[in-house]
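Below: upload-v4.cif (mmCIF, C-alpha atoms)
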data_target
loop_
_atom_site.label_atom_id
_atom_site.label_comp_id
_atom_site.auth_asym_id
_atom_site.auth_seq_id
_atom_site.Cartn_x
_atom_site.Cartn_y
_atom_site.Cartn_z
CA MET A 1126 -155.15 107.10 234.04
CA SER A 1127 -155.41 104.75 236.97
CA LEU A 1128 -154.77 105.76 240.57
CA ARG A 1129 -151.54 103.69 240.52
CA GLN A 1130 -150.42 105.48 237.35
CA SER A 1131 -151.40 108.84 238.84
CA ILE A 1132 -149.35 108.26 241.97
CA LYS A 1133 -146.44 107.04 239.85
CA ARG A 1134 -146.72 110.23 237.79
CA SER A 1135 -146.81 112.33 240.94
CA ALA A 1136 -143.45 110.87 241.90
CA THR A 1137 -142.12 112.44 238.70
CA LEU A 1138 -143.87 115.74 239.31
CA PHE A 1139 -142.91 116.01 242.98
CA PRO A 1140 -139.75 113.95 243.63
CA PRO A 1141 -138.11 114.20 247.06
CA LEU A 1142 -135.39 116.84 247.17
CA PRO A 1143 -132.86 117.80 249.83
CA ARG A 1144 -134.36 119.70 252.73
CA GLN A 1145 -133.38 123.20 251.77
CA THR A 1146 -135.03 126.42 250.72
CA PHE A 1147 -134.47 127.30 247.07
CA SER A 1148 -134.00 130.95 246.22
CA PRO A 1149 -135.19 132.23 242.84
CA SER A 1150 -131.99 134.24 242.53
CA LYS A 1151 -129.94 131.02 242.36
CA PHE A 1152 -131.44 129.98 239.04
CA THR A 1153 -131.27 131.62 235.63
CA THR A 1154 -133.75 129.83 233.37
CA THR A 1155 -135.82 128.33 236.17
CA ARG A 1156 -137.40 130.07 239.12
CA ALA A 1157 -137.48 127.63 242.00
CA LEU A 1158 -140.32 127.68 244.47
CA PRO A 1159 -139.79 125.94 247.79
CA ARG A 1160 -142.70 123.75 248.71
CA LEU A 1161 -142.13 124.17 252.46
CA ALA A 1162 -144.91 121.70 253.06
CA LEU A 1163 -147.17 122.36 256.00
CA PHE A 1164 -147.80 118.78 256.92
CA ASN A 1165 -144.88 116.78 255.52
CA GLN A 1166 -141.63 118.65 255.76
CA HIS A 1167 -139.76 115.92 253.84
CA GLN A 1168 -141.51 116.67 250.53
CA HIS A 1169 -140.54 119.57 248.26
CA PHE A 1170 -141.55 120.80 244.82
CA ASN A 1171 -139.17 120.12 241.97
CA PRO A 1172 -137.84 123.47 240.73
CA ARG A 1173 -137.48 121.97 237.26
CA ASN A 1174 -141.27 122.20 236.96
CA TYR A 1175 -141.13 125.99 237.10
CA ALA A 1176 -140.04 128.59 234.57
CA THR A 1177 -140.81 132.27 234.12
CA MET A 1178 -143.35 134.14 231.99
CA ALA A 1179 -143.27 137.91 232.46
CA SER A 1180 -143.12 138.35 236.24
CA SER A 1181 -144.84 135.11 237.19
CA PRO A 1182 -143.32 131.64 237.54
CA LEU A 1183 -144.97 128.84 235.59
CA VAL A 1184 -146.18 125.52 236.89
CA THR A 1185 -146.12 122.55 234.53
CA LEU A 1186 -149.51 120.82 234.43
CA ASN A 1187 -149.89 117.05 234.12
CA ASN A 1188 -150.39 117.35 230.35
CA GLY A 1189 -147.21 119.38 229.87
CA GLN A 1190 -148.97 122.74 229.51
CA LYS A 1191 -147.44 125.59 231.50
CA MET A 1192 -149.66 127.82 233.66
CA PRO A 1193 -148.64 131.06 235.40
CA LEU A 1194 -148.62 130.76 239.17
CA VAL A 1195 -150.03 134.28 239.58
CA GLY A 1196 -152.99 135.48 237.54
CA PHE A 1197 -155.68 138.14 237.46
CA GLY A 1198 -159.14 137.14 238.68
CA LEU A 1199 -162.16 138.60 236.86
CA TRP A 1200 -164.76 137.85 239.55
CA LYS A 1201 -166.61 141.06 240.50
CA VAL A 1202 -164.76 143.18 237.92
CA ASN A 1203 -167.25 145.80 236.69
CA ASN A 1204 -168.25 145.66 233.04
CA ASP A 1205 -167.54 149.35 232.44
CA THR A 1206 -163.92 149.05 233.61
CA CYS A 1207 -163.15 145.42 232.74
CA ALA A 1208 -161.52 145.99 229.33
CA ASP A 1209 -159.22 148.68 230.73
CA GLN A 1210 -158.35 146.59 233.78
CA VAL A 1211 -157.40 143.60 231.63
CA TYR A 1212 -155.36 145.80 229.31
CA ASN A 1213 -153.53 147.44 232.23
CA ALA A 1214 -152.93 144.07 233.87
CA ILE A 1215 -151.29 142.82 230.67
CA LYS A 1216 -149.12 145.96 230.61
CA THR A 1217 -148.13 145.22 234.21
CA GLY A 1218 -147.06 141.69 233.31
CA TYR A 1219 -150.08 139.48 233.98
CA ARG A 1220 -150.55 136.63 231.54
CA LEU A 1221 -153.23 134.48 233.19
CA PHE A 1222 -156.81 135.78 233.31
CA ASP A 1223 -159.39 133.79 235.25
CA GLY A 1224 -162.89 134.35 233.89
CA ALA A 1225 -166.27 132.61 233.92
CA CYS A 1226 -169.68 132.69 232.30
CA ASP A 1227 -171.17 133.61 235.67
CA TYR A 1228 -169.01 136.73 236.02
CA GLY A 1229 -170.87 138.36 233.14
CA ASN A 1230 -167.84 140.27 231.81
CA GLU A 1231 -166.24 137.93 229.28
CA LYS A 1232 -166.95 140.18 226.28
CA GLU A 1233 -165.30 143.11 228.01
CA ALA A 1234 -162.34 140.99 229.12
CA GLY A 1235 -161.92 139.84 225.54
CA GLU A 1236 -161.92 143.45 224.37
CA GLY A 1237 -159.03 144.19 226.71
CA VAL A 1238 -157.12 141.17 225.43
CA ALA A 1239 -157.76 142.09 221.79
CA ARG A 1240 -156.56 145.65 222.34
CA ALA A 1241 -153.37 144.45 224.06
CA ILE A 1242 -152.64 142.05 221.19
CA LYS A 1243 -153.36 144.75 218.59
CA ASP A 1244 -151.03 147.18 220.38
CA GLY A 1245 -148.24 144.61 220.40
CA LEU A 1246 -148.12 144.19 224.18
CA VAL A 1247 -148.51 140.43 223.98
CA LYS A 1248 -149.20 137.55 221.62
CA ARG A 1249 -152.16 135.23 222.08
CA GLU A 1250 -149.89 132.25 222.71
CA GLU A 1251 -148.27 134.13 225.60
CA LEU A 1252 -151.58 134.40 227.43
CA PHE A 1253 -153.31 131.78 229.55
CA ILE A 1254 -157.07 132.38 229.38
CA VAL A 1255 -159.31 130.52 231.82
CA SER A 1256 -163.08 130.25 231.72
CA LYS A 1257 -165.69 128.10 233.43
CA LEU A 1258 -168.76 126.04 232.62
CA TRP A 1259 -171.67 127.35 234.67
CA ASN A 1260 -174.11 125.10 236.54
CA SER A 1261 -176.97 125.71 234.11
CA PHE A 1262 -175.08 124.05 231.25
CA HIS A 1263 -174.10 120.67 232.74
CA GLU A 1264 -176.46 118.59 230.59
CA LYS A 1265 -174.35 116.90 227.94
CA GLU A 1266 -176.04 118.58 224.99
CA ARG A 1267 -175.42 122.04 226.52
CA VAL A 1268 -171.66 121.89 227.10
CA LYS A 1269 -170.26 122.46 223.62
CA PRO A 1270 -172.72 125.19 222.54
CA ILE A 1271 -172.08 127.29 225.64
CA ALA A 1272 -168.31 126.79 225.39
CA LYS A 1273 -168.42 128.06 221.81
CA LYS A 1274 -170.52 131.05 222.88
CA GLN A 1275 -168.03 131.89 225.61
CA LEU A 1276 -165.15 131.62 223.16
CA ALA A 1277 -167.01 133.98 220.83
CA ASP A 1278 -167.55 136.42 223.70
CA TRP A 1279 -163.82 136.43 224.40
CA GLY A 1280 -163.00 136.58 220.68
CA LEU A 1281 -160.85 133.46 220.99
CA ASP A 1282 -160.40 130.17 219.17
CA TYR A 1283 -159.55 128.19 222.31
CA PHE A 1284 -159.36 128.42 226.09
CA ASP A 1285 -156.13 127.44 227.76
CA LEU A 1286 -158.18 126.03 230.63
CA PHE A 1287 -161.93 125.38 230.90
CA ILE A 1288 -163.28 124.51 234.34
CA ILE A 1289 -166.46 122.91 235.68
CA HIS A 1290 -167.38 125.74 238.05
CA PHE A 1291 -169.36 123.72 240.64
CA PRO A 1292 -170.33 120.04 240.91
CA ILE A 1293 -173.99 121.13 240.87
CA ALA A 1294 -176.34 121.05 237.87
CA LEU A 1295 -179.09 123.64 237.61
CA GLU A 1296 -181.98 123.86 235.16
CA TYR A 1297 -180.99 125.16 231.73
CA VAL A 1298 -181.74 128.75 230.81
CA ASP A 1299 -181.52 129.73 227.15
CA PRO A 1300 -178.86 132.46 226.76
CA GLU A 1301 -181.36 134.34 224.62
CA VAL A 1302 -183.66 134.53 227.65
CA ARG A 1303 -181.06 135.53 230.27
CA TYR A 1304 -177.28 135.53 230.25
CA PRO A 1305 -175.50 134.84 232.42
CA PRO A 1306 -178.33 132.78 233.90
CA GLY A 1307 -177.32 133.01 237.55
CA LEU A 1308 -178.98 130.60 239.95
CA TYR A 1309 -182.58 130.64 238.77
CA ASN A 1310 -184.53 129.09 235.92
CA LYS A 1311 -186.67 131.05 233.46
CA ASP A 1312 -189.43 131.18 236.09
CA ASN A 1313 -187.01 132.64 238.66
CA LYS A 1314 -187.01 129.46 240.73
CA LEU A 1315 -184.02 127.51 241.99
CA SER A 1316 -184.20 124.14 240.25
CA VAL A 1317 -181.55 121.41 240.50
CA VAL A 1318 -181.43 118.84 237.69
CA LYS A 1319 -179.96 115.32 237.54
CA ALA A 1320 -177.16 115.78 235.04
CA PRO A 1321 -174.47 113.19 235.91
CA LEU A 1322 -171.05 114.71 236.45
CA HIS A 1323 -169.37 111.94 234.47
CA GLU A 1324 -171.40 112.91 231.37
CA THR A 1325 -170.49 116.56 231.80
CA TYR A 1326 -166.83 115.65 232.18
CA ALA A 1327 -166.92 113.45 229.08
CA LYS A 1328 -168.13 116.45 227.08
CA MET A 1329 -165.27 118.51 228.51
CA GLU A 1330 -162.92 115.81 227.21
CA GLU A 1331 -164.54 116.14 223.78
CA LEU A 1332 -163.88 119.89 223.84
CA HIS A 1333 -160.24 119.09 224.48
CA GLU A 1334 -160.11 116.52 221.69
CA GLU A 1335 -161.59 119.08 219.28
CA GLY A 1336 -159.01 121.72 220.23
CA LEU A 1337 -161.49 124.13 221.79
CA ILE A 1338 -159.74 123.86 225.16
CA LYS A 1339 -156.15 122.91 226.01
CA SER A 1340 -156.71 121.77 229.59
CA ILE A 1341 -159.62 120.60 231.75
CA GLY A 1342 -160.23 121.90 235.24
CA ILE A 1343 -162.68 121.31 238.05
CA SER A 1344 -163.63 123.60 240.90
CA ASN A 1345 -165.21 123.30 244.33
CA TYR A 1346 -164.84 119.50 244.30
CA SER A 1347 -164.42 117.52 247.51
CA ALA A 1348 -161.86 114.72 247.83
CA GLY A 1349 -164.60 112.13 247.29
CA LEU A 1350 -165.74 113.75 244.05
CA LEU A 1351 -162.14 114.08 242.93
CA LEU A 1352 -161.53 110.37 243.46
CA ASP A 1353 -164.72 109.66 241.54
CA VAL A 1354 -163.38 111.67 238.58
CA GLN A 1355 -160.29 109.48 238.68
CA ARG A 1356 -162.51 106.42 238.22
CA TYR A 1357 -164.40 107.57 235.12
CA ALA A 1358 -162.15 110.09 233.36
CA LYS A 1359 -160.08 109.11 230.35
CA THR A 1360 -157.54 111.64 231.59
CA LEU A 1361 -157.34 113.33 234.97
CA PRO A 1362 -158.14 117.05 235.17
CA GLN A 1363 -155.17 119.36 235.05
CA THR A 1364 -156.30 121.70 237.84
CA LEU A 1365 -158.59 121.99 240.84
CA GLN A 1366 -159.69 125.48 241.87
CA ILE A 1367 -160.76 125.85 245.50
CA GLU A 1368 -161.45 128.44 248.15
CA HIS A 1369 -158.15 128.57 249.99
CA HIS A 1370 -156.93 131.04 252.61
CA PRO A 1371 -155.58 130.83 256.19
CA TYR A 1372 -159.11 130.43 257.58
CA LEU A 1373 -159.74 127.47 255.19
CA VAL A 1374 -156.52 125.53 254.58
CA GLN A 1375 -157.91 122.13 253.43
CA PRO A 1376 -154.60 120.25 253.88
CA ASP A 1377 -155.92 116.76 253.10
CA LEU A 1378 -157.49 117.85 249.81
CA ILE A 1379 -154.29 119.63 248.82
CA ASP A 1380 -152.19 116.58 249.63
CA LEU A 1381 -154.51 114.38 247.53
CA CYS A 1382 -154.15 116.70 244.54
CA LYS A 1383 -150.39 116.64 244.85
CA HIS A 1384 -150.38 112.84 244.94
CA LEU A 1385 -152.53 112.76 241.80
CA GLY A 1386 -150.43 115.39 240.03
CA ILE A 1387 -153.30 117.90 239.84
CA ALA A 1388 -152.35 121.56 240.17
CA ILE A 1389 -154.25 123.73 242.63
CA THR A 1390 -155.50 127.28 242.16
CA ALA A 1391 -156.70 129.24 245.17
CA TYR A 1392 -159.55 131.72 244.94
CA SER A 1393 -160.50 134.23 247.63
CA SER A 1394 -156.95 134.21 248.97
CA PHE A 1395 -157.82 137.07 251.33
CA GLY A 1396 -160.66 135.21 253.03
CA PRO A 1397 -163.58 137.36 254.24
CA GLN A 1398 -162.33 140.43 252.36
CA SER A 1399 -163.68 139.05 249.08
CA PHE A 1400 -167.22 138.63 250.44
CA LEU A 1401 -167.82 141.86 252.37
CA GLU A 1402 -169.26 143.72 249.38
CA LEU A 1403 -171.68 140.82 248.81
CA GLY A 1404 -173.23 141.49 252.21
CA SER A 1405 -172.06 138.20 253.73
CA GLN A 1406 -172.82 138.22 257.44
CA LYS A 1407 -170.24 135.49 257.96
CA ALA A 1408 -167.60 137.74 256.37
CA LYS A 1409 -168.70 140.72 258.47
CA ASP A 1410 -168.39 138.64 261.64
CA THR A 1411 -164.88 137.41 260.79
CA PRO A 1412 -161.68 139.38 261.56
CA LEU A 1413 -159.99 140.52 258.37
CA LEU A 1414 -156.78 138.68 257.55
CA PHE A 1415 -155.19 141.98 256.51
CA ASP A 1416 -155.58 143.14 260.11
CA HIS A 1417 -154.57 139.90 261.83
CA SER A 1418 -151.56 140.39 264.10
CA THR A 1419 -149.82 137.26 262.79
CA VAL A 1420 -150.11 138.34 259.16
CA LYS A 1421 -149.18 141.96 259.93
CA SER A 1422 -146.09 141.04 261.93
CA ILE A 1423 -144.81 138.75 259.17
CA ALA A 1424 -145.52 141.46 256.58
CA ASP A 1425 -143.59 144.03 258.63
CA LYS A 1426 -140.65 141.66 258.98
CA HIS A 1427 -140.38 141.26 255.20
CA SER A 1428 -141.34 144.89 254.37
CA LYS A 1429 -144.26 143.58 252.36
CA SER A 1430 -148.00 144.19 252.46
CA PRO A 1431 -150.34 141.73 254.21
CA ALA A 1432 -151.79 140.92 250.77
CA GLN A 1433 -148.36 139.96 249.46
CA VAL A 1434 -147.73 137.72 252.47
CA LEU A 1435 -151.07 135.95 252.03
CA LEU A 1436 -150.41 135.37 248.34
CA ARG A 1437 -146.86 134.19 248.98
CA TRP A 1438 -148.15 131.76 251.60
CA SER A 1439 -149.92 130.01 248.71
CA THR A 1440 -147.42 130.42 245.88
CA GLN A 1441 -144.50 129.25 248.00
CA ARG A 1442 -146.34 125.94 248.39
CA GLY A 1443 -146.93 125.71 244.65
CA ILE A 1444 -150.56 126.89 244.78
CA ALA A 1445 -151.60 129.35 242.06
CA VAL A 1446 -153.43 132.55 242.99
CA ILE A 1447 -155.78 134.87 241.08
CA PRO A 1448 -156.10 138.20 242.93
CA LYS A 1449 -157.47 141.36 241.35
CA SER A 1450 -157.05 145.07 241.97
CA ASN A 1451 -158.17 148.34 240.43
CA ASN A 1452 -155.03 150.03 241.75
CA GLN A 1453 -151.99 150.01 239.46
CA SER A 1454 -149.43 149.81 242.26
CA ARG A 1455 -151.29 146.95 243.96
CA LEU A 1456 -151.51 145.18 240.60
CA ALA A 1457 -147.72 145.17 240.49
CA GLN A 1458 -147.42 144.21 244.17
CA ASN A 1459 -149.76 141.24 243.75
CA LEU A 1460 -147.77 140.01 240.77
CA ASP A 1461 -144.47 140.36 242.60
CA VAL A 1462 -145.11 137.73 245.27
CA CYS A 1463 -142.42 135.22 244.38
CA SER A 1464 -139.42 137.49 244.97
CA PHE A 1465 -139.23 136.75 248.70
CA ASP A 1466 -139.54 133.63 250.84
CA LEU A 1467 -141.38 133.00 254.06
CA SER A 1468 -139.70 130.77 256.61
CA GLU A 1469 -141.13 127.35 257.39
CA ASP A 1470 -142.14 128.67 260.80
CA GLU A 1471 -143.96 131.64 259.25
CA ILE A 1472 -145.87 129.33 256.90
CA LYS A 1473 -146.88 127.21 259.88
CA GLN A 1474 -147.95 130.29 261.84
CA ILE A 1475 -150.24 131.40 259.03
CA ALA A 1476 -151.64 127.88 258.59
CA SER A 1477 -152.42 127.74 262.31
CA LEU A 1478 -155.14 130.37 261.72
CA ASP A 1479 -157.26 127.64 260.08
CA LYS A 1480 -160.88 127.67 261.27
CA GLY A 1481 -162.39 125.50 258.54
CA LEU A 1482 -164.33 128.65 257.65
CA ARG A 1483 -165.85 128.58 254.16
CA PHE A 1484 -167.40 131.73 252.67
CA ASN A 1485 -168.51 130.30 249.30
CA ASN A 1486 -170.99 127.51 249.98
CA PRO A 1487 -173.96 126.61 247.73
CA LYS A 1488 -176.01 125.91 250.86
CA ASP A 1489 -175.98 129.66 251.43
CA TRP A 1490 -177.66 130.09 248.04
CA GLY A 1491 -180.57 127.92 249.15
CA ILE A 1492 -179.28 124.70 247.56
CA GLU A 1493 -179.62 121.85 250.02
CA THR A 1494 -176.89 119.78 248.38
CA SER A 1495 -174.01 119.61 250.87
CA ILE A 1496 -171.16 119.26 248.38
CA PHE A 1497 -168.56 119.96 251.07
CA ALA A 1498 -169.89 117.47 253.63
#

Once you've parsed the file, please lay out its structure as C-alpha cells.
Amino acid sequence: MSLRQSIKRSATLFPPLPRQTFSPSKFTTTRALPRLALFNQHQHFNPRNYATMASSPLVTLNNGQKMPLVGFGLWKVNNDTCADQVYNAIKTGYRLFDGACDYGNEKEAGEGVARAIKDGLVKREELFIVSKLWNSFHEKERVKPIAKKQLADWGLDYFDLFIIHFPIALEYVDPEVRYPPGLYNKDNKLSVVKAPLHETYAKMEELHEEGLIKSIGISNYSAGLLLDVQRYAKTLPQTLQIEHHPYLVQPDLIDLCKHLGIAITAYSSFGPQSFLELGSQKAKDTPLLFDHSTVKSIADKHSKSPAQVLLRWSTQRGIAVIPKSNNQSRLAQNLDVCSFDLSEDEIKQIASLDKGLRFNNPKDWGIETSIFA
C-alpha cells in the first residue's frame, strides 16, 4: 500500500465529523468514542468503527479485524498466578490478552485460556490473543519456528496479532539452551546482529499468509522506521504499540499513525508506576501520576480512580490500553473506562503534563542503538 493509498484509506477510517462529543449511551449497536483530539480539534473518530465485545469497545483495524480497546497485559504477571489471573480476567469480561515471548508466562496464560474455554466462559473466536517476536529471533530463518513454538505454548492454532517487539536484533539463543532468552547470548554477552528489519517483516507477512497470525503489529518504532515500513511492506502493519502516558505523549507519532490508518496500543499507561518494581532510578525520581494533583482532581470530579482517568485519557482518543491487576475490583474498574467522558479541557490538562520522559529505552539495557533519536 502506497503512502497516497494509506492516506486515502485514513480518510475512510477517520472522516471529519461534526464537532460534538458522542456519548456511548446514544448508540445501541455501536459504542461511540469521541476522539477529542489534542492537537487538531477538527478531527474526530468515526463511531461506526467501534462496536462492543463484553465490556470493551472494539476498534476496526485496517484489515477489517476488530480489536478490543481495553485488554489485559501479561507483562510482569507471575508464572504461579498467571493462569488464574487470565481465567479471572476472562470471567470479568476481558477478551484481549497481550503476551510476549519475553514475558516468560505464555504457557501459563494459555492454561488460563484453555480452562475458560473448557468451562464455557468464552469461545476461542471471541478472544483476541496478542504475542510478540523477541529480538533474538529477527533473523529470517528464526521467525516461523519461534512463532510456532509460541503458539504451542499458548495451545493455539493462530495469534490474532503478532508484533515485532523492538526494532533491534540480538544474537540468536536456542530455546533449548535458554528460554526466554532475555538480552544475552549463550555466553551471557549482549550481542547485536545485522538482521534487516525488512526481512523480518517479510517473514511476518508469510506467517499471515499461512494463517498462523491474523494481523501484524510493530512496537517501539519511531516515525522514521514506521515510514520505512511503508516503503517495503506489501501491507501496512495493523497496529503500533508504544509507551504512552501523560509524561510521554508522542503527539506527532500518534498523528502519523492515524494518517496511515494504523491503530495504536499504549503500554505503561501509568508511567513510572510500571517501572518501580524493576528498580528504575528514573521511575523513583518521577512523581507518580496517581498522586498528581491534576489527575486526582479530575478523578474526584468524575468519581473515578486516577487509574481510570489515565486509561480513559487514552481510550477516549481511540488508543487501546493493556493494564493489569491482581485485584478483582480493580480488574473490573480498569475494564470499565469507556462509560464516562473527559472534557476536551481535561484531556488537554492531562496532555500538558508531557515531559518527553521515556522509561523503557534499550539504551538503559546497555544497547548503544538510539532507536528513539

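What separates atom CA of A:Asp1285 from atom CA of A:Ile1254 is a distance of 5.3 Å.
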
Return as a JSON list (two decimals) with C-alpha atoms, in the coordinates of the input the set of residues that the PyMOL selection byres ((chain A and resi 1187-1199) around 6) yields on the displayed structure.
[["chain", "number", "residue", "atom", "x", "y", "z"],
["A", 1181, "SER", "CA", -144.84, 135.11, 237.19],
["A", 1182, "PRO", "CA", -143.32, 131.64, 237.54],
["A", 1183, "LEU", "CA", -144.97, 128.84, 235.59],
["A", 1184, "VAL", "CA", -146.18, 125.52, 236.89],
["A", 1185, "THR", "CA", -146.12, 122.55, 234.53],
["A", 1186, "LEU", "CA", -149.51, 120.82, 234.43],
["A", 1200, "TRP", "CA", -164.76, 137.85, 239.55],
["A", 1202, "VAL", "CA", -164.76, 143.18, 237.92],
["A", 1221, "LEU", "CA", -153.23, 134.48, 233.19],
["A", 1222, "PHE", "CA", -156.81, 135.78, 233.31],
["A", 1223, "ASP", "CA", -159.39, 133.79, 235.25],
["A", 1224, "GLY", "CA", -162.89, 134.35, 233.89],
["A", 1363, "GLN", "CA", -155.17, 119.36, 235.05],
["A", 1445, "ALA", "CA", -151.60, 129.35, 242.06],
["A", 1446, "VAL", "CA", -153.43, 132.55, 242.99],
["A", 1447, "ILE", "CA", -155.78, 134.87, 241.08],
["A", 1448, "PRO", "CA", -156.10, 138.20, 242.93],
["A", 1449, "LYS", "CA", -157.47, 141.36, 241.35]]

Selection in question (the file shown): the PyMOL selection byres ((chain A and resi 1265-1282) around 8). Which residues does it include, as a PyMOL selection string? chain A and resi 1226+1231-1236+1239+1258+1262-1264+1283-1284+1320+1324-1325+1328-1329+1332+1337

Return as JSON the box centre and box size in Å, one decimal, for an axis-aligned box around all listed atoms of stretch 1409-1424 of chain A padded by 4 Å per side.
{"center_x": -156.8, "center_y": 140.2, "center_z": 260.3, "size_x": 31.9, "size_y": 13.9, "size_z": 15.6}

Using all atoms listed in the file, find the one residue out of A:Glu1330, A:Glu1296, A:Asp1377, A:Asp1470 that sits nearest to A:Ser1316. A:Glu1296

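The gap separating atom CA of A:Glu1301 from atom CA of A:Trp1490 is 24.1 Å, in Å to one decimal.
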
If the PyMOL selection byres ((chain A and resi 1342) around 8) is run on the structure shown, which residues does it catch, given as a ChimeraX atom specification? /A:1286-1289,1340-1341,1343-1344,1362-1366

Got a sec: who's within 9 Å of A:Lys1201, counting all atoms listed in the file, leaving out chain neighbours fewer than 2 positions off, as an MDAnalysis selection string? chainID A and resid 1198:1199 1203:1204 1228:1230

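Distances here use all atoms listed in the file; by that measure, the residue among A:Ser1394, A:Ser1261, A:Asn1310, A:Gln1406 closest to A:Leu1295 is A:Ser1261.
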
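Ranking A:Ser1393, A:Ser1430, A:Thr1494, A:Gln1458 by their shortest atom-to-atom distance to A:Asp1416, with all atoms listed in the file included, puts A:Ser1430 first.
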
Using only C-alpha atoms, determine which residues lie at most 7 Å from A:Val1462, disregarding the query and same-chain residues fewer than 4 positions distant; provide the list as an NGL selection string. :A and (1433 or 1436-1437 or 1458)

With C-alpha atoms retained, write the just-selected residues as a PDB file, keeping the file's coordinate frame.
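Output below, filename again_6.pdb:
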ATOM      1  CA  GLN A1433    -148.360 139.960 249.460  1.00  0.00           C
ATOM      2  CA  LEU A1436    -150.410 135.370 248.340  1.00  0.00           C
ATOM      3  CA  ARG A1437    -146.860 134.190 248.980  1.00  0.00           C
ATOM      4  CA  GLN A1458    -147.420 144.210 244.170  1.00  0.00           C
TER       5      GLN A1458
END
